[in-house]
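Only one structure is covered here, and it is reproduced in the block below.
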Amino acid sequence: MGEIVEIFLSASFWAAVIRIASPLIFATMGELICERAGVLNLGIEGIMVVGAFAGWMTVYSGGGLWTGVMVAMLAGMLFGLLHGTLTVPFGLSQHVVGLGITLLATASAYFAYRLALPRVTTPPRIEAFQPFPIPILSDIPLIGPALFAQTPLTYLAFVLVGVVSFVLFRTPLGLALRAAGENPAAVAAQGLSVTALRMGAVMVGSGLMAVGGAFLTMSAFNSFFFEMVNGRGWICIALVVFGAWMPGKALLGAVLFGVFDALQIRLQQTSIGADIPYQIFLMMPFVLSILALVIMSRRAAIPAALMVPFNKGER
Amino acid sequence: MRLELIARPSPLRLIGFPMLALALTVVFGSSLALLAGANPFQTLGLILRGAAGSQFALLETLNRATPLIFTGLAVAVAFRAKLWNIGAEAQLYAGALMAVLIGTGALGWPSGLLLPAMAGAAMLAGALVLLGPALLKTRFGVDEVVTTLLFNFIMLLFISMLLEGPLKDPMGMGWPQSSRLIPEARLPRIVEGLRLHWGFALALIAAGVVWVIQSRTTLGYEMRAVGANRQAAEFAGIPVGRVMLKTALLSGGLAALAGFSEVAGLKGNLTLDLSPGFGYTGIIVAMLALLNPIGVVVSAIFVAGVFVGADSMSRAAGVPTYIANIMLATALLTMVLAIALTRYRVRWD
């Protein structure tokens with residue numbers, strides 16, 4: 001037991017929690033925006049791969065770090081445009097299109113990687129984002145190193161939650177967006193375009209998912225390798241449900257997830273972990289996500305028109 | 001823009017749009033080859049030759065199509081009832097696991113008894129793996145898309161744990177792989193000397209059985225009714241939840257047969273790379289077949305051909321083999337759009 005208490009009292013543990021949560025926060029906010037507008041975006045897993053690749057590739061070929069983030073975001077928005085075009089005006093199955101986008105995006109990133117680096121076996125590293133300790137605040141014990149000595153992308157992730165929350169619940173745009181996901185006919189009756197709102201949400205959301213992916217290559221692993229996203233996109237979909245489609249609660253979910261993930265890594269090195277196969281620890285994130293879905297499913301906060309295509313003039 | 005339902009689509013529309021989708025896929029694939037510095041015509045030629053240019057190539061394609069027919073059927077059955085089973089990968093591994101548990105010497109039965117026992121156990125395991133998410137859906141309303149996806153990761157880790165623990169082959173030089181099946185547990189080849197095994201025949205039979213279930217039985221009718229309109233089905237007195245669960249059992253069982261056939265017919269043991277995503281590719285197979293079980297056989301052979309052809313082309317022309325996945329994803333997306341356009345007219349007003 002002492003070992004576990006020791007883990008919880010170490011500053012590096014909490015720093016890791018926030019680091020693990022950061023990419024999930026970006027991607028979860030992206031998915032949340034899409035779903036609030038009524039579109040389930042199963043392209044998330046592939047779009048994260050594209051973001052991870054695009055950001056890394058930009059920096060690897062000499063671009064700046066923030067340029068990399070922008071390129072990743074634009075690449076994500078491009079796939080969002082494709083997803084949106086097929087699912088919004090054409091109203092195709094969001095399940096099938098989303099999975100198709102994930103396959104297309106993943107394969108495109110791998111294809112481009114192999115084109116750029118045909119014979120590489122060890123993935124090359126880049127000079128990634130460095131931690132940027134905020135003066136004074138980062139000296140607070142425990143909380144300081146965790147919250148205020150992270151890379152700029154992590155700070156951006158937390159700011160993003162506030163922005164998304166504000167736009168969704170305090171602006172006319174947010175109201176229209178939420179209405180598009182609850183009662184699109186009412187939005188159309190107001191003279192607003194449901195198509196434009198949903199397309200915009202899917203594109204912006206996909207851009208954020210890609211930034212989440214870019215975090216992995218530009219702020220965590222510093223290189224791009226196959227299978228690096230490893231189900232994080234699917235976990236983000238679970239986090240949106242866990243957070244009952246609310247940005248703040250989803251953030252809490254992502255941090256909670258970070259706690260469990262950072263804990264399992266450290267438990268593997270303790271005396272308890274020595275007797276348990278490491279795969280059990282690796283399973284935990286996925287098992288917990290399913291558990292979270294089961295616990296939260298009773299609350300019917302789901303946007304009423306999620307996955308319901310809207311065709312103007314159809315009754 | 002808005003969509004307008006066409007009461008009676010013309011034959012030109014019905015054939016034209018899907019053909020256009022395939023043409024677009026080929027054009028897109030060619031431009032990727034061009035991008036990779038290869039001659040597009042040569043690249044397409046190499047893919048075709050690699051997939052069907054010789055007896056060896058053709059049999060390789062049919063071998064690769066075998067697991068895809070099973071996973072394609074699994075997806076087709078589930079999607080028809082709007083049960084979104086994205087977990088065929090996990091069910092496949094569950095089937096492979098049962099094949100190895102029974103077939104490595106635990107039962108010393110003759111082939112005629114052992115193989116059906118393995119197949120039956122595999123189906124049962126796969127069915128149970130999907131029953132979990134299906135129950136979560138019918139009981140708690142938990143979206144099965146996410147749960148089945150997450151189960152894929154859990155199952156692969158579980159298999160990895162077994163292969164490094166109790167199932168590890170003592171003769172495997174430390175590799176995480178299971179012991180080999182006993183000879184009685186191997187699916188024989190259809191023609192002596194050729195690589196094609198009986199798993200392919202079993203896949204064809206499965207497609208026939210699924211066709212009969214879907215078009216000739218009450219369950220098939222109920223599954224279609226639930227998929228078409230759940231509220232209407234409920235109103236008509238169809239036990240929607242029970243139909244969902246039956247669909248899940250059938251779908252999971254079919255996907256598990258892919259694992260059984262790969263282990264017993266092709267590989268002879270269980271490794272972590274048994275399936276290069278057959279479960280996910282099954283979704284493409286099923287969608288290209290418009291969820292029709294007989295169509296699944298055709299589309300599985302087509303999809304397998306693209307993979308086998310792209311592999312051989314990649315070795316010859318140096319275009320990364322991921323071009324196969326890109327082309328299949330493009331085919332999937334353009335085809336669902338094309339199918340929609342055969343039924344709807346776009347109005348710009």
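So you can find residues: chains in the structure tokens are A, B, ... in the order shown, residues in each start at 1, and ligands are numbered from 1 in order.
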
For A:Val159, find every residue with an atom within 12 Å (counting only C-alpha atoms), except residues of its own chain fewer than 6 positions away, and show them as a VMD selection string. chain A and resid 22 25 to 26 29 152 to 153 165 to 166 247 to 248 251

- Message: Show me, as a PyMOL selection string, every residue of chain B with an atom at most 7 Å from chain A, counting only C-alpha atoms.
- Response: chain B and resi 2-3+36+140-142+146-147+150+154+157-158+161+320+322-323+325-326+329-330+332-333

Got time to write the residues from that selection, N, CA and C atoms, as a compact mmCIF listing (two decimals), in the first residue's frame?
```txt
# COMPACT_ATOMS: atom_id res chain seq x y z
N ARG B 2 -30.72 19.91 -51.48
CA ARG B 2 -31.48 18.89 -50.77
C ARG B 2 -31.62 17.65 -51.65
N LEU B 3 -32.02 16.57 -51.02
CA LEU B 3 -32.13 15.30 -51.75
C LEU B 3 -33.59 14.98 -52.00
N ALA B 36 4.01 8.36 -56.25
CA ALA B 36 5.11 7.55 -55.71
C ALA B 36 6.19 7.34 -56.76
N PHE B 140 -28.70 -1.64 -21.20
CA PHE B 140 -28.33 -0.33 -20.65
C PHE B 140 -28.30 0.77 -21.69
N GLY B 141 -28.53 0.39 -22.96
CA GLY B 141 -28.49 1.41 -24.01
C GLY B 141 -27.09 1.94 -24.29
N VAL B 142 -26.06 1.12 -24.01
CA VAL B 142 -24.69 1.55 -24.30
C VAL B 142 -24.40 1.31 -25.78
N VAL B 146 -18.72 1.73 -29.84
CA VAL B 146 -17.54 2.00 -29.01
C VAL B 146 -17.14 0.76 -28.22
N THR B 147 -18.14 0.06 -27.66
CA THR B 147 -17.77 -1.10 -26.84
C THR B 147 -17.12 -2.19 -27.69
N LEU B 150 -13.60 -1.15 -28.45
CA LEU B 150 -12.70 -1.25 -27.30
C LEU B 150 -12.39 -2.72 -26.99
N ILE B 154 -8.91 -5.06 -25.96
CA ILE B 154 -8.84 -5.92 -24.79
C ILE B 154 -8.51 -7.36 -25.20
N LEU B 157 -4.87 -7.88 -26.23
CA LEU B 157 -3.99 -7.91 -25.06
C LEU B 157 -4.14 -9.22 -24.30
N PHE B 158 -5.38 -9.72 -24.24
CA PHE B 158 -5.65 -10.99 -23.57
C PHE B 158 -4.91 -12.12 -24.28
N MET B 161 -1.30 -11.91 -23.58
CA MET B 161 -1.01 -12.42 -22.24
C MET B 161 -0.92 -13.95 -22.26
N PRO B 320 4.43 2.05 -51.87
CA PRO B 320 4.09 1.47 -50.56
C PRO B 320 2.78 0.67 -50.61
N TYR B 322 0.51 0.31 -48.58
CA TYR B 322 -0.66 0.97 -48.00
C TYR B 322 -1.60 1.52 -49.06
N ILE B 323 -1.14 1.57 -50.31
CA ILE B 323 -2.00 2.01 -51.40
C ILE B 323 -3.24 1.14 -51.46
N ASN B 325 -4.95 -0.17 -48.92
CA ASN B 325 -5.92 0.34 -47.94
C ASN B 325 -6.56 1.64 -48.39
N ILE B 326 -5.74 2.51 -49.00
CA ILE B 326 -6.29 3.78 -49.46
C ILE B 326 -7.33 3.54 -50.55
N ALA B 329 -10.52 2.08 -49.02
CA ALA B 329 -11.30 3.09 -48.30
C ALA B 329 -12.00 4.02 -49.30
N THR B 330 -11.29 4.37 -50.38
CA THR B 330 -11.89 5.21 -51.41
C THR B 330 -13.07 4.48 -52.05
N LEU B 332 -14.92 2.23 -50.73
CA LEU B 332 -16.02 2.21 -49.75
C LEU B 332 -16.78 3.52 -49.75
N LEU B 333 -16.04 4.64 -49.62
CA LEU B 333 -16.70 5.94 -49.50
C LEU B 333 -17.43 6.31 -50.80
```

Out of stretch 122-245 of chain B, which residues get alpha helix (DSSP H) from DSSP, as a VMD selection string?
chain B and resid 122 to 140 144 to 164 198 to 216 218 to 228 230 to 235 240 to 245

Need the shell around B:Met223: protein/DNA/RNA residues with any atom at most 12 Å away, counting only C-alpha atoms. Skip same-chain ones fewer than 6 positions apart. Format as a PDB file with C-alpha atoms, in the first residue's frame?
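Done, and the output landed in selection_34.pdb:
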```pdb
ATOM      1  CA  ALA B  76     -23.385  -7.979 -43.113  1.00  0.00           C
ATOM      2  CA  VAL B  77     -25.621  -9.940 -40.740  1.00  0.00           C
ATOM      3  CA  ALA B  78     -25.153  -7.445 -37.924  1.00  0.00           C
ATOM      4  CA  PHE B  79     -25.427  -4.249 -39.992  1.00  0.00           C
ATOM      5  CA  ARG B  80     -28.615  -5.545 -41.645  1.00  0.00           C
ATOM      6  CA  ALA B  81     -30.243  -5.467 -38.197  1.00  0.00           C
ATOM      7  CA  LYS B  82     -28.481  -2.138 -37.446  1.00  0.00           C
ATOM      8  CA  LEU B  83     -26.327  -3.841 -34.826  1.00  0.00           C
ATOM      9  CA  VAL B 210     -26.654 -16.918 -44.144  1.00  0.00           C
ATOM     10  CA  ILE B 213     -31.471 -17.515 -42.941  1.00  0.00           C
ATOM     11  CA  GLN B 214     -31.885 -13.976 -44.223  1.00  0.00           C
ATOM     12  CA  SER B 215     -34.301 -14.634 -47.046  1.00  0.00           C
ATOM     13  CA  ARG B 216     -36.134 -17.808 -46.051  1.00  0.00           C
ATOM     14  CA  THR B 217     -36.623 -17.784 -42.285  1.00  0.00           C
ATOM     15  CA  ASN B 229     -37.350   0.526 -38.621  1.00  0.00           C
ATOM     16  CA  ARG B 230     -36.993  -0.411 -35.004  1.00  0.00           C
ATOM     17  CA  ALA B 233     -40.841  -3.604 -35.735  1.00  0.00           C
ATOM     18  CA  GLU B 234     -41.631  -3.174 -32.054  1.00  0.00           C
ATOM     19  CA  ILE B 238     -41.318  -8.311 -33.004  1.00  0.00           C
ATOM     20  CA  PRO B 239     -39.201  -8.854 -29.844  1.00  0.00           C
ATOM     21  CA  VAL B 240     -36.543  -6.331 -30.877  1.00  0.00           C
ATOM     22  CA  GLY B 241     -34.144  -7.032 -28.007  1.00  0.00           C
ATOM     23  CA  ARG B 242     -34.241 -10.785 -28.522  1.00  0.00           C
ATOM     24  CA  VAL B 243     -33.713 -10.407 -32.283  1.00  0.00           C
ATOM     25  CA  MET B 244     -30.706  -8.158 -31.579  1.00  0.00           C
ATOM     26  CA  LEU B 245     -29.192 -10.793 -29.297  1.00  0.00           C
ATOM     27  CA  LYS B 246     -29.759 -13.577 -31.828  1.00  0.00           C
ATOM     28  CA  THR B 247     -28.176 -11.400 -34.500  1.00  0.00           C
ATOM     29  CA  ALA B 248     -25.198 -10.835 -32.222  1.00  0.00           C
ATOM     30  CA  LEU B 250     -24.862 -15.304 -35.353  1.00  0.00           C
ATOM     31  CA  SER B 251     -22.544 -12.434 -36.243  1.00  0.00           C
TER      32      SER B 251
END
```

### Contacts of stretch 104-120 of chain B at 12 Å (only C-alpha atoms; same-chain gap of 5+ positions) as a ChimeraX atom specification
/B:92,94-99,125-127,167-169,178-188,198-199,202,253-265,268-270

- [ ] Skip B:Gly45 itself and residues of its chain fewer than 6 positions away, then list as a PyMOL selection string all residues within 10 Å of it, counting only C-alpha atoms.
- [x] chain B and resi 39+51+53+309+313

Checklist entry - Which residues, written as number ranges by chain, have at least one atom at most 12 Å from A:Ala16, with only C-alpha atoms counted and residues fewer than 4 positions away on the same chain left out? => result A: 7-8, 10-12, 20-22, 142-143, 145-147, 149-151, 154, 220, 255-266

- A:Gly205: which residues within 8 Å, counting only C-alpha atoms, same-chain residues fewer than 2 positions away excluded, as a list in words? Ala27, Met29, Gly30, Glu31, Leu32, Ile33, Cys34, Met77, Gly80, Ala201, Val202, Met203, Gly207, Leu208 and Met209 of chain A

Written selection (N, CA, C and O atoms) as an mmCIF file, in the first residue's frame:
```cif
data_model
loop_
_atom_site.group_PDB
_atom_site.id
_atom_site.type_symbol
_atom_site.label_atom_id
_atom_site.label_comp_id
_atom_site.auth_asym_id
_atom_site.auth_seq_id
_atom_site.Cartn_x
_atom_site.Cartn_y
_atom_site.Cartn_z
ATOM 1 N N ALA A 27 -8.770 15.969 -28.616
ATOM 2 C CA ALA A 27 -9.597 15.119 -29.468
ATOM 3 C C ALA A 27 -11.011 14.986 -28.913
ATOM 4 O O ALA A 27 -11.993 14.946 -29.671
ATOM 5 N N MET A 29 -12.626 17.272 -27.152
ATOM 6 C CA MET A 29 -13.344 18.511 -27.469
ATOM 7 C C MET A 29 -13.787 18.486 -28.930
ATOM 8 O O MET A 29 -14.890 18.907 -29.262
ATOM 9 N N GLY A 30 -12.914 18.001 -29.811
ATOM 10 C CA GLY A 30 -13.271 17.914 -31.225
ATOM 11 C C GLY A 30 -14.494 17.041 -31.443
ATOM 12 O O GLY A 30 -15.443 17.422 -32.135
ATOM 13 N N GLU A 31 -14.485 15.865 -30.819
ATOM 14 C CA GLU A 31 -15.611 14.943 -30.978
ATOM 15 C C GLU A 31 -16.874 15.535 -30.364
ATOM 16 O O GLU A 31 -17.978 15.411 -30.908
ATOM 17 N N LEU A 32 -16.696 16.200 -29.222
ATOM 18 C CA LEU A 32 -17.841 16.795 -28.527
ATOM 19 C C LEU A 32 -18.537 17.845 -29.406
ATOM 20 O O LEU A 32 -19.767 17.887 -29.487
ATOM 21 N N ILE A 33 -17.732 18.668 -30.087
ATOM 22 C CA ILE A 33 -18.320 19.692 -30.966
ATOM 23 C C ILE A 33 -19.120 19.022 -32.085
ATOM 24 O O ILE A 33 -20.253 19.419 -32.374
ATOM 25 N N CYS A 34 -18.523 17.995 -32.700
ATOM 26 C CA CYS A 34 -19.225 17.280 -33.778
ATOM 27 C C CYS A 34 -20.553 16.722 -33.277
ATOM 28 O O CYS A 34 -21.595 16.876 -33.913
ATOM 29 N N MET A 77 -8.864 19.151 -40.795
ATOM 30 C CA MET A 77 -10.058 19.818 -41.326
ATOM 31 C C MET A 77 -10.400 19.314 -42.722
ATOM 32 O O MET A 77 -11.566 19.209 -43.102
ATOM 33 N N GLY A 80 -12.161 16.307 -42.245
ATOM 34 C CA GLY A 80 -13.451 16.709 -41.707
ATOM 35 C C GLY A 80 -14.384 17.168 -42.817
ATOM 36 O O GLY A 80 -15.575 16.851 -42.818
ATOM 37 N N ALA A 201 -19.010 22.463 -37.739
ATOM 38 C CA ALA A 201 -18.677 21.746 -36.507
ATOM 39 C C ALA A 201 -17.778 20.552 -36.802
ATOM 40 O O ALA A 201 -16.798 20.309 -36.090
ATOM 41 N N VAL A 202 -18.102 19.806 -37.860
ATOM 42 C CA VAL A 202 -17.305 18.620 -38.173
ATOM 43 C C VAL A 202 -15.888 19.026 -38.579
ATOM 44 O O VAL A 202 -14.906 18.397 -38.185
ATOM 45 N N MET A 203 -15.782 20.136 -39.348
ATOM 46 C CA MET A 203 -14.440 20.549 -39.779
ATOM 47 C C MET A 203 -13.599 21.047 -38.605
ATOM 48 O O MET A 203 -12.447 20.647 -38.443
ATOM 49 N N GLY A 207 -10.336 19.231 -36.983
ATOM 50 C CA GLY A 207 -9.072 19.946 -36.821
ATOM 51 C C GLY A 207 -8.515 19.744 -35.417
ATOM 52 O O GLY A 207 -7.314 19.504 -35.239
ATOM 53 N N LEU A 208 -9.393 19.815 -34.409
ATOM 54 C CA LEU A 208 -8.939 19.635 -33.025
ATOM 55 C C LEU A 208 -8.460 18.210 -32.770
ATOM 56 O O LEU A 208 -7.484 17.981 -32.060
ATOM 57 N N MET A 209 -9.169 17.229 -33.366
ATOM 58 C CA MET A 209 -8.713 15.834 -33.230
ATOM 59 C C MET A 209 -7.295 15.697 -33.758
ATOM 60 O O MET A 209 -6.447 15.032 -33.158
#
```

In Å and to one decimal, atom CA of B:Thr334 is distant from atom CA of B:Ala225 by 26.9 Å

Distance in Å - atom CA of A:Glu45 versus atom CA of A:Leu156
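Straight-line distance from atom CA of A:Glu45 to atom CA of A:Leu156 works out to 21.0 Å.
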
Students should find that atom CA of A:Val229 and atom CA of A:Val49 are spaced 6.2 Å
